[in-house]
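Asks: Below is the structure I would like to discuss, written out as structure tokens.
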Amino acid sequence: MIHTIGAGMLWTCFFHFRELSLRNEANKRDGTISRRYKLHLIYPAPAKNRNTRHRKRSASLVPINLPIIAGLTPDNFDIKIIDENIENIDFSDTPDIVGITGMTAVINRAYEIADIYRQKGTKVILGGIHVSMLPNEASGHADAIVIGEVENVWSTVLSDFISGRLNRVYKGTMQMSLDGLGLIRRDLIDKRSYSMPNPILTSRGCPHNCTYCSVTEFWGYKFRHRPIDDTISEIKMIGDRWIAFVDDNIYGDIKHSKELFKKMKDLKVRWVGQGDMRIARNPELLELARKSGCEWLFMGIETISTENLASIHKSFNRGDKYAEAIAMIKSTGIKVFGSFIFGLENDDESVFDRTVNFGIDNRLDGANFYILTPFPGTQLFEQMDKDGLLLHKDWSKYDANHVVFKHKNLSADQLLDGLVYAYKRFYSIPSIIKRVVYPRKDLAQVLALNTMRHLSTKRFERGVRN
């Protein structure tokens, strides 16, 4: 299940930076920039990641929204980025203003953090997809909220904060242009704490309308791209061998992605990204992806049932062609990491074995398993709420690892037990040997990932059962 990262605080356009620069010059003239302010930008973590007994000290991917916001901030702010997934929040270090964003699963923690800071007199700004979908709920925990894309209102938020006249609500421009790119404060990120420390976003939006996904609702029905030359320049500036494209579908716009991949060929980078099976139907695109350095593709397979694919409006994925598509992609040396959802409309008790067998038989290099989750703002949420199928609205359980709705064929215990069973069986030693141990140049890398997952099965089960 692929969701938006960070939610609502990402790329910006040149005129926003120009506006910010002009505002800085004006502030210098009237003396207001002489005072310095402390700004903390925070990404909350679920309880399982900050549990003192099993405290995480590393994460997979940098929440790129935070360094983007930092790059939009005037020079008279001293900025600290805090990703609670890898470090504790020191509440004794009290900033003047805090910006907090996070997805639905961590929004309760975001509210908790916000309430603590407000009690200390710190001004709190909340933003992101959940906040945009449920603004009235979020507003009770913040001095101001941002609805929609933040880039073209952030300088106004900070200016109003400095002058002491924060508005309760700021509405960012939806579906803004991605032309141009300003400073991304990657210098504020401890790269050693992330397995993939160099995320890059090249597009927003999605023309598909999958019922469980909030991407289209928030980012729009059309792909919006950064200029390709800007992306190439950023890759060169980063200078590392590995990068991670965090687009919801890096090759969703085939014409654009072909041009991008062609220009990447000489950069000698290796990259991971998200996409769908349709790349297997386009040999030219697949070959260009390989030549550009594609190593891993995270693919939202979701289900092997064509009926289920139709029920979630994802019929562009052809379930009857999955095996052929996976074989085609893997034949190029690109590794396939599948993503599956349990609890779709036509699922029954057989879905867990059928799904794991599919992954093993097709030698998937890795896989994630999720429970269908109706996130606020999606068609799925609206329908389930209307039909009275939601068990509760404890957002901390809306993490795709817990059961939050009534299924017609499976009990909550069956879904949860099935999720744990699928994870354990897929990452069992016999499965790993059958799936990944064969003559290949990347055996050590793939074997290491699967071994790590095998060793983490107890942690995974503990997290989903709490």
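Residues are referred to by chain and number: the chain letter is A, B, ... according to the order shown in the structure tokens, the number counts from 1 in that chain, and ligands are numbered separately from 1 in the order shown.
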Set out as a tab-separated table a contact list for region 62-116 of chain A and region 35-55 of chain A with a cut-off of 7 Å, giving each residue of region 62-116 of chain A that qualifies its closest atom pair and distance in Å to one decimal, counting only C-alpha atoms, ordered by chain and rising residue number.

Replies:
residue	atom	partner	partner_atom	distance
A:Leu66	CA	A:Leu41	CA	6.2
A:Asn76	CA	A:Arg36	CA	4.9
A:Phe77	CA	A:Tyr37	CA	4.7
A:Asp78	CA	A:Lys38	CA	4.9
A:Ile79	CA	A:Leu39	CA	4.9
A:Lys80	CA	A:His40	CA	4.8
A:Ile81	CA	A:Leu41	CA	4.9
A:Ile82	CA	A:Ile42	CA	4.8
A:Asp83	CA	A:Tyr43	CA	4.9
A:Glu84	CA	A:Pro44	CA	5.1
A:Asn85	CA	A:Ala45	CA	5.0
A:Pro95	CA	A:Lys38	CA	4.8
A:Asp96	CA	A:Lys38	CA	5.2
A:Ile97	CA	A:Leu39	CA	5.1
A:Val98	CA	A:His40	CA	4.8
A:Gly99	CA	A:Leu41	CA	4.8
A:Ile100	CA	A:Ile42	CA	4.9
A:Thr101	CA	A:Tyr43	CA	5.8
A:Gly102	CA	A:Tyr43	CA	6.0
A:Val106	CA	A:Pro46	CA	5.6
A:Arg109	CA	A:Pro44	CA	6.2
A:Ala110	CA	A:Pro44	CA	5.8

Asks: Using only N, CA and C atoms, please write the residues we just selected to a file, as a PDB file, in the first residue's frame.

Replies:
ATOM      1  N   LEU A  66      10.553  17.907   5.786  1.00  0.00           N
ATOM      2  CA  LEU A  66      11.160  18.783   6.792  1.00  0.00           C
ATOM      3  C   LEU A  66      12.305  19.624   6.222  1.00  0.00           C
ATOM      4  N   ASN A  76      16.664  34.494   9.712  1.00  0.00           N
ATOM      5  CA  ASN A  76      16.635  34.864  11.129  1.00  0.00           C
ATOM      6  C   ASN A  76      15.982  33.791  11.998  1.00  0.00           C
ATOM      7  N   PHE A  77      15.816  32.580  11.446  1.00  0.00           N
ATOM      8  CA  PHE A  77      15.323  31.438  12.206  1.00  0.00           C
ATOM      9  C   PHE A  77      16.425  30.403  12.337  1.00  0.00           C
ATOM     10  N   ASP A  78      16.699  29.990  13.563  1.00  0.00           N
ATOM     11  CA  ASP A  78      17.611  28.883  13.814  1.00  0.00           C
ATOM     12  C   ASP A  78      16.781  27.603  13.806  1.00  0.00           C
ATOM     13  N   ILE A  79      17.069  26.724  12.861  1.00  0.00           N
ATOM     14  CA  ILE A  79      16.190  25.585  12.588  1.00  0.00           C
ATOM     15  C   ILE A  79      16.790  24.291  13.108  1.00  0.00           C
ATOM     16  N   LYS A  80      15.934  23.484  13.713  1.00  0.00           N
ATOM     17  CA  LYS A  80      16.312  22.134  14.127  1.00  0.00           C
ATOM     18  C   LYS A  80      15.267  21.167  13.593  1.00  0.00           C
ATOM     19  N   ILE A  81      15.722  20.142  12.893  1.00  0.00           N
ATOM     20  CA  ILE A  81      14.832  19.104  12.391  1.00  0.00           C
ATOM     21  C   ILE A  81      14.871  17.913  13.337  1.00  0.00           C
ATOM     22  N   ILE A  82      13.695  17.454  13.737  1.00  0.00           N
ATOM     23  CA  ILE A  82      13.597  16.331  14.671  1.00  0.00           C
ATOM     24  C   ILE A  82      12.704  15.258  14.067  1.00  0.00           C
ATOM     25  N   ASP A  83      13.295  14.128  13.731  1.00  0.00           N
ATOM     26  CA  ASP A  83      12.542  12.960  13.299  1.00  0.00           C
ATOM     27  C   ASP A  83      12.465  12.026  14.502  1.00  0.00           C
ATOM     28  N   GLU A  84      11.282  11.949  15.104  1.00  0.00           N
ATOM     29  CA  GLU A  84      11.152  11.189  16.341  1.00  0.00           C
ATOM     30  C   GLU A  84      11.346   9.692  16.134  1.00  0.00           C
ATOM     31  N   ASN A  85      11.372   9.253  14.888  1.00  0.00           N
ATOM     32  CA  ASN A  85      11.648   7.851  14.623  1.00  0.00           C
ATOM     33  C   ASN A  85      13.072   7.475  14.981  1.00  0.00           C
ATOM     34  N   PRO A  95      11.496  25.958  21.758  1.00  0.00           N
ATOM     35  CA  PRO A  95      11.643  26.901  20.638  1.00  0.00           C
ATOM     36  C   PRO A  95      10.551  27.973  20.669  1.00  0.00           C
ATOM     37  N   ASP A  96      10.686  28.951  19.807  1.00  0.00           N
ATOM     38  CA  ASP A  96       9.647  29.971  19.687  1.00  0.00           C
ATOM     39  C   ASP A  96       8.454  29.462  18.902  1.00  0.00           C
ATOM     40  N   ILE A  97       8.731  28.605  17.931  1.00  0.00           N
ATOM     41  CA  ILE A  97       7.682  28.106  17.047  1.00  0.00           C
ATOM     42  C   ILE A  97       8.020  26.693  16.610  1.00  0.00           C
ATOM     43  N   VAL A  98       6.993  25.874  16.441  1.00  0.00           N
ATOM     44  CA  VAL A  98       7.157  24.482  16.039  1.00  0.00           C
ATOM     45  C   VAL A  98       6.252  24.212  14.845  1.00  0.00           C
ATOM     46  N   GLY A  99       6.789  23.508  13.848  1.00  0.00           N
ATOM     47  CA  GLY A  99       5.997  23.012  12.733  1.00  0.00           C
ATOM     48  C   GLY A  99       5.954  21.501  12.790  1.00  0.00           C
ATOM     49  N   ILE A 100       4.762  20.919  12.753  1.00  0.00           N
ATOM     50  CA  ILE A 100       4.604  19.471  12.895  1.00  0.00           C
ATOM     51  C   ILE A 100       3.768  18.945  11.746  1.00  0.00           C
ATOM     52  N   THR A 101       4.208  17.851  11.146  1.00  0.00           N
ATOM     53  CA  THR A 101       3.435  17.174  10.113  1.00  0.00           C
ATOM     54  C   THR A 101       3.536  15.683  10.325  1.00  0.00           C
ATOM     55  N   GLY A 102       2.569  14.955   9.813  1.00  0.00           N
ATOM     56  CA  GLY A 102       2.605  13.509   9.945  1.00  0.00           C
ATOM     57  C   GLY A 102       1.352  12.895   9.364  1.00  0.00           C
ATOM     58  N   VAL A 106       0.236   8.690  12.966  1.00  0.00           N
ATOM     59  CA  VAL A 106       0.995   9.379  14.010  1.00  0.00           C
ATOM     60  C   VAL A 106       0.355  10.706  14.396  1.00  0.00           C
ATOM     61  N   ARG A 109      -0.007  11.378  18.141  1.00  0.00           N
ATOM     62  CA  ARG A 109       1.268  11.780  18.734  1.00  0.00           C
ATOM     63  C   ARG A 109       1.587  13.222  18.364  1.00  0.00           C
ATOM     64  N   ALA A 110       1.264  13.619  17.144  1.00  0.00           N
ATOM     65  CA  ALA A 110       1.468  15.005  16.735  1.00  0.00           C
ATOM     66  C   ALA A 110       0.671  15.948  17.627  1.00  0.00           C
TER      67      ALA A 110
END

Asks: Would you give me, as a VMD selection string, the residues in region 115-219 of chain A that DSSP reads as strand (DSSP E or B)?

Replies: chain A and resid 123 to 127 144 to 147 169 to 171 194 to 196 199 to 200 203 to 204

Asks: Could you check the closest approach to Leu188 (chain A) for each of A:Arg465, A:Leu449, A:Leu380, A:Pro63 and tell me which residue wins, using only C-alpha atoms?

Replies: A:Pro63

Asks: Report the residues of region 35-194 of chain A whose backbone DSSP state falls under helix (DSSP H, G or I), written as a ChimeraX atom specification.

Replies: /A:47-50,65-71,104-119,129-133,135-139,154-163,186-188,191-193

Asks: Can those selected residues be exported to a file as a short mmCIF file (atom, residue, chain, number, x, y, z; two decimals), in the first residue's frame so that it contains C-alpha atoms?

Replies:
data_model
loop_
_atom_site.label_atom_id
_atom_site.label_comp_id
_atom_site.auth_asym_id
_atom_site.auth_seq_id
_atom_site.Cartn_x
_atom_site.Cartn_y
_atom_site.Cartn_z
CA ALA A 47 4.79 4.40 20.00
CA LYS A 48 6.45 1.18 18.77
CA ASN A 49 9.35 3.18 17.29
CA ARG A 50 9.99 5.27 20.40
CA ASN A 65 9.15 17.48 3.84
CA LEU A 66 11.16 18.78 6.79
CA PRO A 67 14.32 19.89 4.93
CA ILE A 68 12.05 21.36 2.24
CA ILE A 69 10.30 23.54 4.81
CA ALA A 70 13.66 24.46 6.31
CA GLY A 71 14.78 25.66 2.89
CA THR A 104 -2.87 9.61 10.11
CA ALA A 105 -1.13 6.86 12.08
CA VAL A 106 1.00 9.38 14.01
CA ILE A 107 -1.44 12.28 14.20
CA ASN A 108 -2.40 11.51 17.81
CA ARG A 109 1.27 11.78 18.73
CA ALA A 110 1.47 15.01 16.73
CA TYR A 111 -1.40 16.42 18.78
CA GLU A 112 0.29 15.28 22.01
CA ILE A 113 3.53 17.01 21.02
CA ALA A 114 1.65 20.12 19.98
CA ASP A 115 -0.24 20.31 23.29
CA ILE A 116 2.99 20.02 25.29
CA TYR A 117 4.66 22.83 23.38
CA ARG A 118 1.61 25.10 23.56
CA GLN A 119 1.57 24.70 27.33
CA ILE A 129 -2.79 15.34 4.61
CA HIS A 130 -4.62 14.34 7.80
CA VAL A 131 -4.82 17.95 8.93
CA SER A 132 -6.11 18.95 5.50
CA MET A 133 -8.78 16.25 5.57
CA PRO A 135 -9.07 20.58 9.80
CA ASN A 136 -11.59 21.09 12.60
CA GLU A 137 -10.07 18.24 14.59
CA ALA A 138 -6.52 19.48 14.08
CA SER A 139 -7.32 23.10 14.82
CA TRP A 154 4.93 29.36 4.64
CA SER A 155 6.59 32.76 4.39
CA THR A 156 3.25 34.38 5.28
CA VAL A 157 2.85 32.07 8.26
CA LEU A 158 6.27 33.07 9.60
CA SER A 159 5.73 36.76 8.87
CA ASP A 160 2.42 36.67 10.76
CA PHE A 161 4.10 34.81 13.62
CA ILE A 162 6.80 37.48 13.90
CA SER A 163 4.19 40.25 13.92
CA ARG A 186 19.86 18.35 3.62
CA ASP A 187 22.63 19.68 5.86
CA LEU A 188 20.18 19.50 8.78
CA LYS A 191 22.42 10.84 6.97
CA ARG A 192 24.02 8.15 9.12
CA SER A 193 20.62 7.49 10.70
#

Asks: For a quick check of understanding, using only C-alpha atoms, which of A:Gly140, A:Gly164, A:Pro74, A:Pro199 has the smallest distance to Ile243 (chain A)?

Replies: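 Smallest separation from Ile243 (chain A) among the options: A:Pro199.
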
Asks: Contacts of Asn357 (chain A) at 10 Å or less, counting only C-alpha atoms, minus same-chain residues fewer than 6 places along, as a PDB file with N, CA and C atoms, in the first residue's frame?

Replies:
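Result file follows (result_26.pdb):
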ATOM      1  N   VAL A 351      -6.795 -16.323   1.493  1.00  0.00           N
ATOM      2  CA  VAL A 351      -6.013 -15.248   0.867  1.00  0.00           C
ATOM      3  C   VAL A 351      -4.567 -15.217   1.349  1.00  0.00           C
ATOM      4  N   ARG A 363       9.392 -15.610  -6.877  1.00  0.00           N
ATOM      5  CA  ARG A 363      10.704 -15.191  -6.383  1.00  0.00           C
ATOM      6  C   ARG A 363      10.790 -13.680  -6.144  1.00  0.00           C
ATOM      7  N   ALA A 422       1.523 -14.419   7.318  1.00  0.00           N
ATOM      8  CA  ALA A 422       2.096 -14.139   6.006  1.00  0.00           C
ATOM      9  C   ALA A 422       3.513 -13.604   6.124  1.00  0.00           C
ATOM     10  N   ARG A 425       5.888 -16.472   7.333  1.00  0.00           N
ATOM     11  CA  ARG A 425       6.122 -17.514   6.332  1.00  0.00           C
ATOM     12  C   ARG A 425       6.931 -16.978   5.159  1.00  0.00           C
ATOM     13  N   PHE A 426       6.625 -15.765   4.718  1.00  0.00           N
ATOM     14  CA  PHE A 426       7.360 -15.212   3.582  1.00  0.00           C
ATOM     15  C   PHE A 426       8.828 -15.026   3.926  1.00  0.00           C
ATOM     16  N   SER A 431      11.561 -20.138   2.667  1.00  0.00           N
ATOM     17  CA  SER A 431      11.090 -19.175   1.671  1.00  0.00           C
ATOM     18  C   SER A 431      12.235 -18.335   1.131  1.00  0.00           C
TER      19      SER A 431
END

Asks: Looking at only C-alpha atoms, which of A:Ile279, A:Leu267, A:Ala310, A:Val436 is the one that sits closest to Asn249 (chain A)?

Replies: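 Looking at the shortest contact to Asn249 (chain A), the residue is A:Ile279.
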
Asks: So what do you get for CA of Gly388 (chain A) versus CA of Pro376 (chain A), distance-wise?

Replies: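 Between CA of Gly388 (chain A) and CA of Pro376 (chain A) the gap is 14.5 Å.
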
Asks: Quick one: distance from CA of Thr211 (chain A) to CA of Gly343 (chain A) in Å, one decimal?

Replies: 13.6 Å

Asks: Neighbouring residues of Ala448 (chain A) were defined as those with any atom within 12 Å, considering only C-alpha atoms; residues of the same chain fewer than 5 positions away were excluded. Please report them as a ChimeraX atom specification.

Replies: /A:365-366,427,432,436-437,442-443,453-455

Asks: Mind dumping the selected residues with N, CA and C atoms as a short mmCIF file (atom, residue, chain, number, x, y, z; two decimals), in the first residue's frame?

Replies:
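Produced file result_22.cif, reproduced below:
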data_model
loop_
_atom_site.label_atom_id
_atom_site.label_comp_id
_atom_site.auth_asym_id
_atom_site.auth_seq_id
_atom_site.Cartn_x
_atom_site.Cartn_y
_atom_site.Cartn_z
N ASP A 365 11.77 -10.47 -4.41
CA ASP A 365 12.97 -10.21 -3.62
C ASP A 365 12.65 -9.71 -2.23
N GLY A 366 11.44 -9.23 -2.04
CA GLY A 366 10.97 -8.77 -0.74
C GLY A 366 9.51 -8.45 -0.85
N TYR A 427 9.11 -14.63 5.18
CA TYR A 427 10.50 -14.40 5.59
C TYR A 427 11.07 -15.58 6.39
N ILE A 432 13.09 -17.87 2.01
CA ILE A 432 14.22 -17.03 1.58
C ILE A 432 15.13 -17.81 0.63
N VAL A 436 15.40 -16.20 -3.16
CA VAL A 436 16.52 -15.31 -3.48
C VAL A 436 17.87 -15.99 -3.67
N VAL A 437 17.98 -17.24 -3.22
CA VAL A 437 19.29 -17.89 -3.31
C VAL A 437 19.40 -18.64 -4.64
N ASP A 442 23.74 -9.80 -7.12
CA ASP A 442 23.29 -9.04 -5.96
C ASP A 442 22.85 -9.93 -4.81
N LEU A 443 23.30 -11.16 -4.78
CA LEU A 443 22.84 -12.10 -3.76
C LEU A 443 23.08 -11.58 -2.35
N ARG A 453 14.85 -9.10 7.82
CA ARG A 453 13.41 -9.23 8.01
C ARG A 453 13.09 -10.51 8.81
N HIS A 454 13.79 -11.59 8.53
CA HIS A 454 13.59 -12.84 9.27
C HIS A 454 13.86 -12.63 10.76
N LEU A 455 14.91 -11.91 11.06
CA LEU A 455 15.26 -11.67 12.46
C LEU A 455 14.33 -10.69 13.15
#

Asks: Smallest atom-to-atom distance to Leu286 (chain A): which of A:Tyr212, A:Phe223, A:Phe375, A:Phe261, using only C-alpha atoms?

Replies: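 Ranking A:Tyr212, A:Phe223, A:Phe375, A:Phe261 by distance to Leu286 (chain A), first place goes to A:Phe261.
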
Asks: Using only C-alpha atoms, which protein or nucleic acid residues come within 6 Å of region 293-296 of chain A? Drop anything in the same chain fewer than 3 positions from it, and give the result as a list in words.

Replies: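 Residues meeting the cut-off are Val269, Arg270, Trp271, Val272, Ala289, Arg290, Ile334, Lys335 and Val336 of chain A.
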
Asks: State, in Å with one decimal place, the distance from CA of Ile147 (chain A) to CA of Gly172 (chain A).

Replies: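 It comes out at 6.0 Å.
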